[in-house]
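I have placed the structure first, in the form of structure tokens, so that the comments after it can refer back to it.
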Amino acid sequence: MVRVTTSDRRFVLRAGAGLVAGGAFAAACSPSTSTSGAARRAPASPATASPGPDSAAPASPTRAPKAPARPLVAPAPRAFPRQPAQISHGPLGRSRVALTFHGQGEPSIARALLGEAERHGARVTVLAVGSWLDEHPDLARRVLDGGHDLGNHTQRHLDINAMPEAEAAAEITGCAERLRRLTGSIGTWFRPSRATRASPLVETLARRAGYPHVLSYDVDSLDFTSPGAAAVARNILGEIRDGSVVSLHFGYADTVAALPAVLDELDRRGLRAVTTTELIG
């Protein structure tokens, strides 16, 4: 376990305060679209004669049709023959780690976390809750456009291991169908809700739904307990190693505040944050 000193705590809190202030400033200063001025009109040609009744009327100017939104091309799940059915960490000795986020909560926090990861050149994995995608469908594109993995974290984020078979299956396929509708794919990974590992039944149901592996983790940030940014950083940095898969969450201010210091320390240690697909593959 890495000991976080008083100066470390001050650094993390300063990083968090800076990120929150930066987000407020960006929102206040967001540019708006405006016209720069009226178009210059060409001088009219002198009239030589009045047009007759059969003269063609001048064509009205037409606007070019608006281009449709670029369709998403989302990757599908992959089978990794050398990996177990439930994956909790990647290969050792490759100086890579995977930061995985449970996708739920306030969208502005999700965007702040994704933006901070991208500023550090990091790529992450987002396991989205289906009901969250129903409310914020644009975030599916935001995740994929940033080069991140997008996966399935059940439809309603209930205790899936405690459910009867039909209900558990509906939780997996319900989220999978929403991902398919939004992105053309059921997502690259499945993670059970309210559980570190899937029960044997849920593992089987996930495989039937098209997910060859269940994604677990070996480092828990405990950010969902709101322990403070310094504790979130300490929980991650004290346990992370080559190949680690870290559990984090959207929706918590402590996570936003801790992430810059965590990514800086990973850089110092020579550990690159990549998507889970990159980590395993």
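Residues are named by chain letter and number: chains run A, B, ... in the order of the structure tokens, numbers start at 1 in each chain, and ligands are numbered from 1 in the order shown.
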Selection: 6 Å around Val126 (chain A), only C-alpha atoms, excl. self and same-chain fewer than 3 positions, as a PyMOL selection string: chain A and resi 100-101+103+150
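All residues of protein, DNA or RNA that reach within 9 Å of Val202 (chain A), judged by only C-alpha atoms and not counting those fewer than 6 positions away in the chain, are Ile160, Asn161, Glu165, Ala168, Ala169, Ile172 and Pro192 of chain A.
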Dump of N, CA and C atoms for the selected residues, as a PDB file, in the first residue's frame:
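Just written: part.pdb:
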```
ATOM      1  N   ILE A 160     -28.049  -8.406  -9.840  1.00  0.00           N
ATOM      2  CA  ILE A 160     -28.389  -9.384 -10.871  1.00  0.00           C
ATOM      3  C   ILE A 160     -28.147 -10.821 -10.401  1.00  0.00           C
ATOM      4  N   ASN A 161     -27.160 -11.044  -9.535  1.00  0.00           N
ATOM      5  CA  ASN A 161     -26.894 -12.408  -9.067  1.00  0.00           C
ATOM      6  C   ASN A 161     -28.036 -12.976  -8.226  1.00  0.00           C
ATOM      7  N   GLU A 165     -33.760 -16.547 -13.277  1.00  0.00           N
ATOM      8  CA  GLU A 165     -33.123 -16.604 -14.598  1.00  0.00           C
ATOM      9  C   GLU A 165     -33.746 -15.653 -15.608  1.00  0.00           C
ATOM     10  N   ALA A 168     -32.934 -11.970 -14.805  1.00  0.00           N
ATOM     11  CA  ALA A 168     -31.514 -11.678 -15.023  1.00  0.00           C
ATOM     12  C   ALA A 168     -31.201 -11.598 -16.515  1.00  0.00           C
ATOM     13  N   ALA A 169     -31.774 -12.513 -17.293  1.00  0.00           N
ATOM     14  CA  ALA A 169     -31.554 -12.489 -18.744  1.00  0.00           C
ATOM     15  C   ALA A 169     -32.073 -11.193 -19.349  1.00  0.00           C
ATOM     16  N   ILE A 172     -29.687  -8.270 -18.905  1.00  0.00           N
ATOM     17  CA  ILE A 172     -28.536  -8.284 -19.816  1.00  0.00           C
ATOM     18  C   ILE A 172     -28.963  -7.918 -21.235  1.00  0.00           C
ATOM     19  N   PRO A 192     -21.433  -7.527 -14.395  1.00  0.00           N
ATOM     20  CA  PRO A 192     -22.652  -7.675 -13.588  1.00  0.00           C
ATOM     21  C   PRO A 192     -22.839  -6.468 -12.672  1.00  0.00           C
TER      22      PRO A 192
END
```
Non-local contacts of region 248-262 of chain A (6 Å; only C-alpha atoms; under 3 positions in same chain excluded) as a PyMOL selection string: chain A and resi 12+16+100-106+109-110+113+221+228-229+233+265
Any chance you could tabulate, as JSON lines, the residues of region 176-219 of chain A at most 10 Å from region 89-93 of chain A with each one's nearest atom pair and distance in Å to one decimal, using only C-alpha atoms, in chain and rising number order?
```
{"residue": "A:Leu215", "atom": "CA", "partner": "A:His89", "partner_atom": "CA", "distance": 8.8}
{"residue": "A:Ser216", "atom": "CA", "partner": "A:His89", "partner_atom": "CA", "distance": 7.8}
{"residue": "A:Tyr217", "atom": "CA", "partner": "A:His89", "partner_atom": "CA", "distance": 6.1}
{"residue": "A:Asp218", "atom": "CA", "partner": "A:His89", "partner_atom": "CA", "distance": 6.2}
{"residue": "A:Val219", "atom": "CA", "partner": "A:His89", "partner_atom": "CA", "distance": 9.0}
```
File of the preceding selection, all heavy atoms, as a PDB file, in the first residue's frame:
```pdb
ATOM      1  N   LEU A 215     -16.487  -9.121 -17.345  1.00  0.00           N
ATOM      2  CA  LEU A 215     -15.381  -8.268 -16.911  1.00  0.00           C
ATOM      3  C   LEU A 215     -15.503  -7.960 -15.427  1.00  0.00           C
ATOM      4  O   LEU A 215     -16.452  -7.320 -14.980  1.00  0.00           O
ATOM      5  CB  LEU A 215     -15.366  -6.963 -17.717  1.00  0.00           C
ATOM      6  CG  LEU A 215     -14.226  -5.994 -17.384  1.00  0.00           C
ATOM      7  CD1 LEU A 215     -12.865  -6.641 -17.610  1.00  0.00           C
ATOM      8  CD2 LEU A 215     -14.371  -4.720 -18.201  1.00  0.00           C
ATOM      9  N   SER A 216     -14.525  -8.414 -14.656  1.00  0.00           N
ATOM     10  CA  SER A 216     -14.452  -8.124 -13.233  1.00  0.00           C
ATOM     11  C   SER A 216     -13.335  -7.089 -13.032  1.00  0.00           C
ATOM     12  O   SER A 216     -13.056  -6.294 -13.932  1.00  0.00           O
ATOM     13  CB  SER A 216     -14.194  -9.407 -12.437  1.00  0.00           C
ATOM     14  OG  SER A 216     -14.169  -9.153 -11.057  1.00  0.00           O
ATOM     15  N   TYR A 217     -12.678  -7.084 -11.872  1.00  0.00           N
ATOM     16  CA  TYR A 217     -11.588  -6.148 -11.608  1.00  0.00           C
ATOM     17  C   TYR A 217     -10.793  -6.642 -10.408  1.00  0.00           C
ATOM     18  O   TYR A 217     -11.262  -7.459  -9.612  1.00  0.00           O
ATOM     19  CB  TYR A 217     -12.118  -4.727 -11.346  1.00  0.00           C
ATOM     20  CG  TYR A 217     -13.254  -4.654 -10.357  1.00  0.00           C
ATOM     21  CD1 TYR A 217     -13.022  -4.519  -8.990  1.00  0.00           C
ATOM     22  CD2 TYR A 217     -14.584  -4.703 -10.790  1.00  0.00           C
ATOM     23  CE1 TYR A 217     -14.068  -4.442  -8.076  1.00  0.00           C
ATOM     24  CE2 TYR A 217     -15.638  -4.628  -9.894  1.00  0.00           C
ATOM     25  CZ  TYR A 217     -15.381  -4.498  -8.542  1.00  0.00           C
ATOM     26  OH  TYR A 217     -16.417  -4.434  -7.656  1.00  0.00           O
ATOM     27  N   ASP A 218      -9.555  -6.130 -10.291  1.00  0.00           N
ATOM     28  CA  ASP A 218      -8.714  -6.498  -9.154  1.00  0.00           C
ATOM     29  C   ASP A 218      -8.355  -5.319  -8.265  1.00  0.00           C
ATOM     30  O   ASP A 218      -7.723  -5.486  -7.230  1.00  0.00           O
ATOM     31  CB  ASP A 218      -7.435  -7.213  -9.633  1.00  0.00           C
ATOM     32  CG  ASP A 218      -6.532  -6.328 -10.489  1.00  0.00           C
ATOM     33  OD1 ASP A 218      -7.047  -5.396 -11.139  1.00  0.00           O
ATOM     34  OD2 ASP A 218      -5.312  -6.572 -10.521  1.00  0.00           O
ATOM     35  N   VAL A 219      -8.767  -4.102  -8.648  1.00  0.00           N
ATOM     36  CA  VAL A 219      -8.549  -2.909  -7.825  1.00  0.00           C
ATOM     37  C   VAL A 219      -9.873  -2.160  -7.723  1.00  0.00           C
ATOM     38  O   VAL A 219     -10.474  -1.815  -8.747  1.00  0.00           O
ATOM     39  CB  VAL A 219      -7.469  -1.984  -8.426  1.00  0.00           C
ATOM     40  CG1 VAL A 219      -7.324  -0.713  -7.582  1.00  0.00           C
ATOM     41  CG2 VAL A 219      -6.134  -2.702  -8.551  1.00  0.00           C
TER      42      VAL A 219
END
```
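Nearest residue to Pro84 (chain A) among A:Arg142, A:Arg272, A:His213, A:Arg119 is A:His213, counting only C-alpha atoms.
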Region 83-118 of chain A: residues DSSP assigns to helix (DSSP H, G or I), reported as a ChimeraX atom specification: /A:107-118
For Asp134 (chain A), list every protein, DNA or RNA residue within 9 Å, evaluated using only C-alpha atoms, and leave out those in the same chain fewer than 4 positions away; present the list as an mmCIF file with N, CA and C atoms, in the first residue's frame.
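result.cif, freshly written:
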```
data_model
loop_
_atom_site.group_PDB
_atom_site.id
_atom_site.type_symbol
_atom_site.label_atom_id
_atom_site.label_comp_id
_atom_site.auth_asym_id
_atom_site.auth_seq_id
_atom_site.Cartn_x
_atom_site.Cartn_y
_atom_site.Cartn_z
ATOM 1 N N VAL A 129 -25.135 1.653 -17.889
ATOM 2 C CA VAL A 129 -26.436 1.147 -17.442
ATOM 3 C C VAL A 129 -27.471 1.525 -18.499
ATOM 4 N N GLY A 130 -28.330 0.566 -18.875
ATOM 5 C CA GLY A 130 -29.278 0.803 -19.959
ATOM 6 C C GLY A 130 -30.233 1.948 -19.695
ATOM 7 N N ARG A 178 -30.297 -1.789 -26.224
ATOM 8 C CA ARG A 178 -30.145 -0.338 -26.268
ATOM 9 C C ARG A 178 -28.795 0.050 -26.863
#
```
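Computed from the coordinates, the CA of Trp132 (chain A) to CA of Gly151 (chain A) distance equals 12.7 Å.
If only C-alpha atoms are the atoms counted, then among A:Phe224, A:Cys175, A:Thr183, A:Thr188 the closest residue to Leu139 (chain A) is A:Thr183.
The two atoms in question, CA of Arg197 (chain A) and CA of Val97 (chain A), are spaced 19.1 Å apart.
Nearest-residue note for Trp189 (chain A): choosing from A:Gln86, A:Gln155, A:Asn235, A:Ser95, the minimum distance belongs to A:Gln86, counting only C-alpha atoms.
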Backbone-only DSSP, strand (DSSP E or B) members of region 57-255 of chain A, as a PyMOL selection string: chain A and resi 86-87+89+96-103+125-128+149-152+190+214-215+219-220+244-249
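Rounded to one decimal, CA of Ala273 (chain A) and CA of Arg94 (chain A) lie 11.3 Å from each other.
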Test item: residues at most 8 Å from Leu99 (chain A), only C-alpha atoms, excluding those fewer than 3 positions along its chain, as a PyMOL selection string: chain A and resi 123-125+245-248+273-276
From A:Ala128, A:Arg82, A:Leu182, A:Gly210, residue lying nearest Arg156 (chain A) [only C-alpha atoms]: A:Ala128
Shortest interatomic distance to Arg269 (chain A) - which of A:Ala112, A:Pro107, A:Asp223, A:Arg96, counting only C-alpha atoms: A:Arg96
Could you name the residues that touch Arg180 (chain A) at 12 Å or less, counting only C-alpha atoms, but leaving out those on the same chain fewer than 4 positions away, as a compact mmCIF listing (two decimals) with N, CA, C and O atoms, in the first residue's frame?
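Output file selection.txt follows:
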```
# COMPACT_ATOMS: atom_id res chain seq x y z
N LEU A 72 -22.27 5.59 -36.06
CA LEU A 72 -21.28 4.98 -35.19
C LEU A 72 -20.88 3.61 -35.73
O LEU A 72 -21.71 2.89 -36.28
N VAL A 73 -19.64 3.29 -35.60
CA VAL A 73 -19.16 1.96 -35.94
C VAL A 73 -18.52 1.41 -34.67
O VAL A 73 -17.35 1.63 -34.39
N ALA A 74 -19.33 0.72 -33.88
CA ALA A 74 -18.86 0.25 -32.58
C ALA A 74 -18.38 -1.19 -32.69
O ALA A 74 -19.02 -2.02 -33.33
N PRO A 75 -17.24 -1.51 -32.07
CA PRO A 75 -16.76 -2.89 -32.11
C PRO A 75 -17.66 -3.84 -31.33
O PRO A 75 -18.33 -3.44 -30.39
N ALA A 76 -17.66 -5.08 -31.76
CA ALA A 76 -18.44 -6.13 -31.10
C ALA A 76 -17.57 -6.84 -30.06
O ALA A 76 -16.34 -6.67 -30.04
N PRO A 77 -18.18 -7.64 -29.17
CA PRO A 77 -17.39 -8.40 -28.20
C PRO A 77 -16.43 -9.36 -28.90
O PRO A 77 -16.73 -9.86 -29.99
N GLY A 130 -28.33 0.57 -18.87
CA GLY A 130 -29.28 0.80 -19.96
C GLY A 130 -30.23 1.95 -19.70
O GLY A 130 -30.51 2.75 -20.60
N LEU A 133 -28.58 5.17 -20.45
CA LEU A 133 -28.51 5.44 -21.89
C LEU A 133 -29.86 5.90 -22.42
O LEU A 133 -29.91 6.71 -23.35
N PRO A 137 -28.83 9.34 -24.38
CA PRO A 137 -28.31 8.52 -25.49
C PRO A 137 -27.09 9.11 -26.17
O PRO A 137 -26.27 8.38 -26.74
N ALA A 140 -23.42 7.70 -25.48
CA ALA A 140 -22.84 6.54 -26.17
C ALA A 140 -21.88 7.00 -27.25
O ALA A 140 -20.75 6.49 -27.36
N LEU A 150 -16.97 0.74 -24.83
CA LEU A 150 -18.32 0.91 -24.29
C LEU A 150 -18.93 -0.48 -24.11
O LEU A 150 -18.92 -1.29 -25.04
N GLY A 151 -19.45 -0.76 -22.91
CA GLY A 151 -20.00 -2.08 -22.63
C GLY A 151 -21.30 -2.01 -21.85
O GLY A 151 -21.89 -0.94 -21.65
N ASN A 152 -21.74 -3.17 -21.38
CA ASN A 152 -23.06 -3.41 -20.79
C ASN A 152 -22.93 -3.60 -19.28
O ASN A 152 -22.19 -4.46 -18.81
N THR A 173 -30.00 -8.56 -21.73
CA THR A 173 -30.42 -8.32 -23.11
C THR A 173 -31.05 -6.95 -23.28
O THR A 173 -30.94 -6.34 -24.35
N GLY A 174 -31.71 -6.43 -22.22
CA GLY A 174 -32.30 -5.10 -22.32
C GLY A 174 -31.25 -4.03 -22.57
O GLY A 174 -31.40 -3.18 -23.46
N CYS A 175 -30.17 -4.07 -21.83
CA CYS A 175 -29.08 -3.12 -22.05
C CYS A 175 -28.38 -3.39 -23.39
O CYS A 175 -28.03 -2.45 -24.11
N ALA A 176 -28.21 -4.65 -23.73
CA ALA A 176 -27.56 -5.00 -25.00
C ALA A 176 -28.33 -4.43 -26.19
O ALA A 176 -27.73 -3.90 -27.14
N GLY A 184 -24.99 0.10 -33.00
CA GLY A 184 -24.83 -1.00 -33.94
C GLY A 184 -24.15 -2.21 -33.36
O GLY A 184 -23.91 -3.19 -34.06
N SER A 185 -23.84 -2.19 -32.07
CA SER A 185 -23.15 -3.30 -31.40
C SER A 185 -23.70 -3.44 -29.99
O SER A 185 -24.19 -2.46 -29.40
N ILE A 186 -23.59 -4.63 -29.42
CA ILE A 186 -24.04 -4.84 -28.03
C ILE A 186 -22.97 -4.39 -27.03
O ILE A 186 -23.16 -4.54 -25.83
N GLY A 187 -21.88 -3.82 -27.52
CA GLY A 187 -20.81 -3.38 -26.63
C GLY A 187 -19.73 -4.44 -26.51
O GLY A 187 -19.96 -5.62 -26.78
N THR A 188 -18.56 -4.02 -26.08
CA THR A 188 -17.43 -4.95 -26.07
C THR A 188 -17.35 -5.82 -24.82
O THR A 188 -16.72 -6.88 -24.85
N GLY A 210 -24.20 -13.00 -26.04
CA GLY A 210 -23.16 -12.63 -26.99
C GLY A 210 -21.87 -12.13 -26.40
O GLY A 210 -20.99 -11.67 -27.13
```
